[in-house]
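Input: a single structure, listed below in structure tokens.
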Amino acid sequence: MGRPMVRPVAAAFALAALVAAALLALGARGGGEPVARAADGRVVLALDDFRLRPQRVRAPRGRVTFVLRNRGRLSHGLRVRKDGREWIRQPSLPPGGSATVGGRLERGDYRMFDPLSNYEELGMYGTLVVR
């Protein structure tokens, strides 16, 4: 009678777990999505449960306008912050709600996030790069 094939099966499961963890980490950082370019300064942003789409945006310096649409089943809001200062603020939008909000932004890296509850911790954040 031969030895049971425990090691190859265990190794396969371990490899699958490592690949899954790496893909989750990549997605959590927003690395899985391409950078959305807002050449005209207009950013169309979907607020979903619990994700900003797109998560990575590049825009030119100056006036940046966000066109927001809440596609989730919960209320969501938006803040855009850099160096401890809020540059753009959108209060809570109900499910299906939409709004347009904007501001004049200087060069730099901004954090986009949903300030409600712990939604940012659950994945509702992104990066806005203004050049």
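Letters A, B, ... mark the chains of the structure tokens in the order given; residue numbers begin at 1 per chain; ligand numbers begin at 1, in order shown.
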Residues within 12 Å of Ser98 in chain A, only C-alpha atoms, excluding chain neighbours under 5 positions, as an MDAnalysis selection string
chainID A and resid 44:47 66:72 75:78 90:93
Expected file: the selected residues, C-alpha atoms, as an mmCIF file, in the first residue's frame:
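Result saved to selection-v4.cif:
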data_model
loop_
_atom_site.group_PDB
_atom_site.id
_atom_site.type_symbol
_atom_site.label_atom_id
_atom_site.label_comp_id
_atom_site.auth_asym_id
_atom_site.auth_seq_id
_atom_site.Cartn_x
_atom_site.Cartn_y
_atom_site.Cartn_z
ATOM 1 C CA VAL A 44 -17.236 60.701 -12.501
ATOM 2 C CA LEU A 45 -17.179 58.755 -9.233
ATOM 3 C CA ALA A 46 -19.476 55.913 -8.190
ATOM 4 C CA LEU A 47 -20.032 55.391 -4.464
ATOM 5 C CA PHE A 66 -16.737 65.394 -9.016
ATOM 6 C CA VAL A 67 -19.943 63.970 -10.462
ATOM 7 C CA LEU A 68 -21.094 61.576 -7.743
ATOM 8 C CA ARG A 69 -23.618 58.756 -7.960
ATOM 9 C CA ASN A 70 -24.501 56.549 -5.004
ATOM 10 C CA ARG A 71 -24.908 53.060 -6.445
ATOM 11 C CA GLY A 72 -25.016 51.369 -3.067
ATOM 12 C CA SER A 75 -26.042 56.307 2.251
ATOM 13 C CA HIS A 76 -22.531 57.469 1.337
ATOM 14 C CA GLY A 77 -20.579 60.725 1.389
ATOM 15 C CA LEU A 78 -17.256 61.968 0.061
ATOM 16 C CA GLN A 90 -20.102 66.103 0.034
ATOM 17 C CA PRO A 91 -22.602 65.270 2.778
ATOM 18 C CA SER A 92 -24.421 61.971 2.815
ATOM 19 C CA LEU A 93 -26.169 60.899 -0.383
#
For the strand (DSSP E) assignment from backbone DSSP, which residues of range 16-110 of chain A qualify? Please present them as a PyMOL selection string.
chain A and resi 36-37+42-48+51-53+56-59+62-70+76-82+85-93+98-105+108-110
From the list A:Arg85, A:Arg79, A:Arg61, A:Arg73, which residue is nearest Gly108 in chain A when using only C-alpha atoms?
A:Arg61
Students should find that CA of Arg107 in chain A and CA of Met124 in chain A are spaced 22.8 Å
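Taking only C-alpha atoms into account, Pro95 in chain A lies nearest to A:Asp48 out of the set A:Val130, A:Asp40, A:Asp48, A:Leu122.
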